[in-house]
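Structure file input_38.json; described as JSON, C-alpha atoms and all ligand atoms.
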[["chain", "number", "residue", "atom", "x", "y", "z"],
["M", 226, "MET", "CA", 127.95, 118.57, 204.80],
["M", 227, "LEU", "CA", 129.79, 115.89, 202.84],
["M", 228, "GLU", "CA", 126.57, 113.94, 202.38],
["M", 229, "TYR", "CA", 124.90, 117.06, 201.04],
["M", 230, "MET", "CA", 127.77, 117.53, 198.52],
["M", 231, "TYR", "CA", 127.40, 113.88, 197.42],
["M", 232, "SER", "CA", 123.68, 114.33, 196.92],
["M", 233, "ILE", "CA", 124.31, 117.35, 194.72],
["M", 234, "LEU", "CA", 126.95, 115.45, 192.72],
["M", 235, "LEU", "CA", 124.59, 112.52, 192.32],
["M", 236, "MET", "CA", 121.81, 114.85, 191.19],
["M", 237, "LEU", "CA", 124.14, 116.50, 188.67],
["M", 238, "ASN", "CA", 125.26, 113.10, 187.48],
["M", 239, "LEU", "CA", 121.68, 111.92, 187.02],
["M", 240, "LEU", "CA", 120.82, 115.17, 185.25],
["M", 241, "PHE", "CA", 123.79, 114.63, 182.94],
["M", 242, "ILE", "CA", 122.70, 111.04, 182.21],
["M", 243, "ILE", "CA", 119.08, 112.12, 181.58],
["M", 244, "THR", "CA", 120.18, 114.96, 179.30],
["M", 245, "GLY", "CA", 122.56, 112.61, 177.51],
["M", 246, "ASN", "CA", 119.82, 110.05, 177.15],
["M", 247, "HIS", "CA", 117.58, 112.72, 175.61],
["M", 248, "LYS", "CA", 120.30, 113.56, 173.13],
["M", 249, "VAL", "CA", 120.73, 109.88, 172.17],
["M", 250, "LYS", "CA", 116.95, 109.52, 171.85],
["M", 251, "GLY", "CA", 116.96, 112.57, 169.53],
["M", 252, "ILE", "CA", 119.71, 111.09, 167.40],
["M", 253, "ILE", "CA", 117.87, 107.73, 167.23],
["M", 254, "LYS", "CA", 114.68, 109.56, 166.23],
["M", 255, "ASP", "CA", 116.54, 111.48, 163.51],
["M", 256, "LYS", "CA", 118.20, 108.32, 162.22],
["M", 257, "THR", "CA", 114.86, 106.46, 162.25],
["M", 258, "ASN", "CA", 113.29, 109.25, 160.18],
["M", 259, "GLU", "CA", 116.26, 109.16, 157.82],
["M", 260, "ILE", "CA", 115.87, 105.37, 157.43],
["M", 261, "LEU", "CA", 112.13, 105.78, 156.77],
["M", 262, "LEU", "CA", 112.84, 108.43, 154.11],
["M", 263, "LEU", "CA", 115.48, 106.20, 152.47],
["M", 264, "LYS", "CA", 113.03, 103.28, 152.56],
["M", 265, "LYS", "CA", 110.40, 105.40, 150.83],
["M", 266, "GLU", "CA", 112.93, 106.53, 148.25],
["M", 267, "ASN", "CA", 113.98, 102.92, 147.75],
["M", 268, "ASP", "CA", 110.35, 101.86, 147.25],
["M", 269, "THR", "CA", 109.85, 104.66, 144.70],
["M", 270, "LEU", "CA", 113.02, 103.67, 142.84],
["M", 271, "SER", "CA", 111.98, 99.99, 142.91],
["M", 272, "ASP", "CA", 108.63, 100.97, 141.39],
["M", 273, "GLU", "CA", 110.46, 103.00, 138.73],
["M", 274, "ILE", "CA", 112.70, 100.03, 137.93],
["M", 275, "ILE", "CA", 109.62, 97.80, 137.58],
["M", 276, "ASN", "CA", 108.02, 100.41, 135.29],
["M", 277, "ILE", "CA", 111.16, 100.64, 133.16],
["M", 278, "VAL", "CA", 111.43, 96.83, 132.93],
["M", 279, "ASN", "CA", 107.76, 96.65, 131.89],
["M", 280, "LEU", "CA", 108.22, 99.46, 129.36],
["M", 281, "ASN", "CA", 111.25, 97.66, 127.97],
["M", 282, "LEU", "CA", 109.23, 94.43, 127.60],
["M", 283, "LYS", "CA", 106.45, 96.39, 125.88],
["M", 284, "LEU", "CA", 108.93, 98.02, 123.48],
["M", 285, "GLU", "CA", 110.51, 94.63, 122.71],
["M", 286, "ASP", "CA", 107.03, 93.31, 121.88],
["M", 287, "GLU", "CA", 106.44, 96.31, 119.61],
["M", 288, "VAL", "CA", 109.79, 95.78, 117.85],
["M", 289, "ARG", "CA", 108.88, 92.11, 117.29],
["M", 290, "TYR", "CA", 105.44, 93.14, 115.96],
["M", 291, "PHE", "CA", 106.84, 95.72, 113.55],
["M", 292, "LYS", "CA", 109.56, 93.34, 112.33],
["M", 293, "LYS", "CA", 106.79, 90.84, 111.53],
["M", 294, "VAL", "CA", 104.73, 93.52, 109.75],
["M", 295, "ILE", "CA", 107.80, 94.55, 107.70],
["M", 296, "GLU", "CA", 108.51, 90.92, 106.78],
["M", 297, "GLU", "CA", 104.89, 90.36, 105.72],
["M", 298, "ASN", "CA", 104.88, 93.63, 103.75],
["M", 299, "ASP", "CA", 108.05, 92.56, 101.98],
["M", 300, "LYS", "CA", 106.25, 89.46, 100.79],
["M", 301, "SER", "CA", 102.83, 90.80, 99.96],
["M", 302, "ASP", "CA", 103.01, 94.52, 99.19],
["M", 303, "ILE", "CA", 105.28, 94.38, 96.16],
["M", 304, "PHE", "CA", 103.39, 93.76, 92.98],
["M", 305, "ILE", "CA", 105.41, 92.62, 90.03],
["M", 306, "PRO", "CA", 106.23, 94.24, 87.64],
["M", 307, "PHE", "CA", 107.59, 97.37, 89.28],
["M", 308, "MET", "CA", 110.41, 99.83, 88.76],
["M", 309, "GLU", "CA", 113.10, 100.37, 91.38],
["M", 310, "LYS", "CA", 115.53, 103.14, 90.47],
["M", 311, "GLU", "CA", 118.11, 101.68, 92.84],
["M", 312, "PHE", "CA", 118.31, 98.62, 90.55],
["M", 313, "GLY", "CA", 118.03, 100.47, 87.24],
["M", 314, "THR", "CA", 115.20, 101.91, 85.14],
["M", 315, "GLY", "CA", 114.03, 98.55, 83.75],
["M", 316, "LEU", "CA", 111.01, 96.76, 85.15],
["M", 317, "ILE", "CA", 111.57, 94.15, 87.84],
["M", 318, "ARG", "CA", 109.60, 91.21, 86.51],
["M", 319, "VAL", "CA", 110.92, 88.18, 88.39],
["M", 320, "CYS", "CA", 111.19, 87.54, 92.12],
["M", 321, "GLU", "CA", 112.81, 84.47, 93.61],
["M", 322, "ASP", "CA", 113.46, 84.01, 97.35],
["M", 323, "GLY", "CA", 113.49, 87.74, 97.98],
["M", 324, "VAL", "CA", 115.84, 88.45, 95.04],
["M", 325, "TYR", "CA", 114.51, 90.61, 92.21],
["M", 326, "TYR", "CA", 115.44, 90.30, 88.54],
["M", 327, "HIS", "CA", 115.05, 92.28, 85.36],
["M", 328, "GLY", "CA", 114.48, 90.66, 82.03],
["M", 329, "VAL", "CA", 112.41, 87.91, 80.52],
["M", 330, "CYS", "CA", 110.14, 86.45, 83.17],
["M", 331, "GLU", "CA", 108.88, 82.92, 83.67],
["M", 332, "GLU", "CA", 105.52, 83.69, 82.11],
["M", 333, "GLU", "CA", 107.08, 84.52, 78.74],
["M", 334, "LYS", "CA", 105.63, 81.69, 76.65],
["M", 335, "GLN", "CA", 106.83, 82.73, 73.18],
["M", 336, "LYS", "CA", 108.28, 80.12, 70.86],
["M", 337, "TRP", "CA", 111.72, 81.71, 71.04],
["M", 338, "ASN", "CA", 111.65, 81.25, 74.78],
["M", 339, "LYS", "CA", 111.16, 77.49, 74.85],
["M", 340, "ASP", "CA", 111.49, 76.03, 78.37],
["M", 341, "ASN", "CA", 112.03, 79.57, 79.61],
["M", 342, "LYS", "CA", 115.64, 79.44, 78.42],
["M", 343, "CYS", "CA", 115.78, 83.25, 78.21],
["M", 344, "SER", "CA", 114.83, 83.75, 81.85],
["M", 345, "ARG", "CA", 116.18, 87.04, 83.29],
["M", 346, "GLN", "CA", 117.67, 88.02, 79.94],
["M", 347, "ILE", "CA", 117.72, 91.57, 78.62],
["M", 348, "TYR", "CA", 118.24, 92.52, 74.97],
["M", 349, "GLU", "CA", 120.16, 95.70, 74.23],
["M", 350, "TYR", "CA", 119.64, 96.89, 70.65],
["M", 351, "ARG", "CA", 122.24, 99.03, 68.95],
["M", 352, "VAL", "CA", 119.94, 100.84, 66.52],
["M", 353, "LYS", "CA", 117.25, 102.96, 68.09],
["M", 354, "ASN", "CA", 113.91, 102.04, 66.65],
["M", 355, "ASN", "CA", 110.92, 103.38, 68.49],
["M", 356, "THR", "CA", 108.64, 100.72, 67.05],
["M", 357, "ARG", "CA", 110.66, 98.11, 68.92],
["M", 358, "LYS", "CA", 108.38, 96.06, 71.17],
["M", 359, "ASN", "CA", 108.91, 95.20, 74.82],
["M", 360, "LEU", "CA", 111.17, 98.17, 75.45],
["M", 361, "ASP", "CA", 110.08, 98.45, 79.08],
["M", 362, "ASN", "CA", 110.05, 94.71, 79.64],
["M", 363, "TYR", "CA", 113.25, 93.13, 78.42],
["M", 364, "ASN", "CA", 114.37, 95.22, 75.46],
["M", 365, "THR", "CA", 116.43, 98.35, 75.86],
["M", 366, "PHE", "CA", 118.83, 100.65, 74.01],
["M", 367, "ASN", "CA", 120.92, 101.27, 77.10],
["M", 368, "ILE", "CA", 121.76, 98.38, 79.40],
["M", 369, "ASP", "CA", 123.63, 100.59, 81.91],
["M", 370, "GLU", "CA", 120.41, 102.47, 82.64],
["M", 371, "PHE", "CA", 118.21, 99.41, 82.51],
["M", 372, "CYS", "CA", 119.99, 97.11, 84.99],
["M", 373, "ASN", "CA", 123.01, 97.81, 87.15],
["M", 374, "ASN", "CA", 123.87, 94.18, 87.90],
["M", 375, "CYS", "CA", 124.05, 92.09, 84.76],
["M", 376, "LEU", "CA", 126.44, 90.01, 82.69],
["M", 377, "LEU", "CA", 126.95, 90.03, 78.93],
["M", 378, "ILE", "CA", 126.23, 86.54, 77.67],
["M", 379, "LYS", "CA", 125.92, 87.09, 73.90],
["M", 380, "ASP", "CA", 127.26, 89.77, 71.55],
["M", 381, "LYS", "CA", 125.49, 89.78, 68.18],
["M", 382, "ASN", "CA", 125.57, 92.28, 65.32],
["M", 383, "LYS", "CA", 122.27, 93.93, 66.05],
["M", 384, "TYR", "CA", 122.00, 93.32, 69.77],
["M", 385, "LYS", "CA", 123.68, 92.10, 72.92],
["M", 386, "ILE", "CA", 122.10, 89.77, 75.42],
["M", 387, "PHE", "CA", 122.64, 90.38, 79.13],
["M", 388, "GLU", "CA", 121.50, 88.34, 82.09],
["M", 389, "CYS", "CA", 120.33, 90.09, 85.26],
["M", 390, "GLN", "CA", 122.26, 88.79, 88.28],
["M", 391, "GLY", "CA", 119.62, 89.88, 90.75],
["M", 392, "HIS", "CA", 118.98, 92.74, 93.16],
["M", 393, "GLN", "CA", 118.19, 92.87, 96.84],
["M", 394, "TYR", "CA", 117.01, 95.58, 99.24],
["I", 401, "ZN", "ZN", 118.78, 93.61, 86.96]]
Full structure transcribed into structure tokens:
Amino acid sequence: MLEYMYSILLMLNLLFIITGNHKVKGIIKDKTNEILLLKKENDTLSDEIINIVNLNLKLEDEVRYFKKVIEENDKSDIFIPFMEKEFGTGLIRVCEDGVYYHGVCEEEKQKWNKDNKCSRQIYEYRVKNNTRKNLDNYNTFNIDEFCNNCLLIKDKNKYKIFECQGHQY
């Protein structure tokens, strides 16, 4: 009778171990699936990171390209003379190292401009006379409109001479 009881206990014990083992196996299976899912997610995120890094490199290349285009445009697309309201209503007629100037330009070969001594100068006349020549070039009746960055260098009876100090974008 005692032996029979032991057998039953042993059977129950084994059953418990087997059931327990099944449970553990189930947990391991679940955890394995979870790990696989996380691995997949990790792979996807790694791919996304690679894509973002590549996109960033591409955008940096584009920025470099456009900076170059802008630099080249700055040099080649501006034809002198031109008017830039930001600098005044006078014509920009001189450009040196990216700085723009109003006034008498280097090509002015008149006798009164020997050795280009009047470079960048603007003449403001007191008396309005519509027959006055070179009004858009270096003669004006209103220096404040013509150039917003200049210095008075001569004050004569009929006119004042200003020198453009340069303008930059
Ligand atoms: Zn100026």
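From CA of Asn238 in chain M back to CA of Asp255 in chain M, the distance works out to 25.6 Å.
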Review point. Distance CA of Ile305 in chain M-CA of Val329 in chain M, one decimal place?
Key: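 About the pair CA of Ile305 in chain M and CA of Val329 in chain M: they are 12.7 Å apart.
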Nearby polymer residues, ligand ZN 401 (chain I), at most 7 Å, only C-alpha atoms and all ligand atoms, as a short mmCIF file (atom, residue, chain, number, x, y, z; two decimals) with C-alpha atoms, keeping the file's coordinate frame:
data_model
loop_
_atom_site.label_atom_id
_atom_site.label_comp_id
_atom_site.auth_asym_id
_atom_site.auth_seq_id
_atom_site.Cartn_x
_atom_site.Cartn_y
_atom_site.Cartn_z
CA PHE M 312 118.31 98.62 90.55
CA GLY M 313 118.03 100.47 87.24
CA TYR M 326 115.44 90.30 88.54
CA HIS M 327 115.05 92.28 85.36
CA CYS M 372 119.99 97.11 84.99
CA ASN M 373 123.01 97.81 87.15
CA ASN M 374 123.87 94.18 87.90
CA CYS M 375 124.05 92.09 84.76
CA CYS M 389 120.33 90.09 85.26
CA GLN M 390 122.26 88.79 88.28
CA GLY M 391 119.62 89.88 90.75
CA HIS M 392 118.98 92.74 93.16
#
Check your understanding: Of the candidates M:Leu280, M:Leu316, M:Glu321, M:Cys343, which one gets nearest to Thr365 in chain M if we count only C-alpha atoms?
Key ->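 With only C-alpha atoms as the atom set, the closest residue is M:Leu316.
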Check your understanding: Just how far from CA of Trp337 in chain M is CA of Ile303 in chain M, in Å to one decimal?
Key ->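 Pair CA of Ile303 in chain M / CA of Trp337 in chain M returns 28.9 Å.
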Point to revise | Best match for closeness to Lys353 in chain M among M:Arg289, M:Lys383, M:Lys334, M:Lys310, counting only C-alpha atoms | key: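 Of M:Arg289, M:Lys383, M:Lys334, M:Lys310, the one nearest Lys353 in chain M, counting only C-alpha atoms, is M:Lys383.
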Practice item. Have a look at M:Glu309, M:Lys293, M:Phe387, M:Ile252 and name the one nearest to Arg345 in chain M; count only C-alpha atoms. Key: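 Smallest separation from Arg345 in chain M among the options: M:Phe387.
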**Study point:** Nearest residue to Asn341 in chain M from the set M:Glu259, M:Asn276, M:Gly328, M:Tyr231 (distances using all atoms listed in the file)
**Key:**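 Of the candidates, the smallest distance to Asn341 in chain M is held by M:Gly328.
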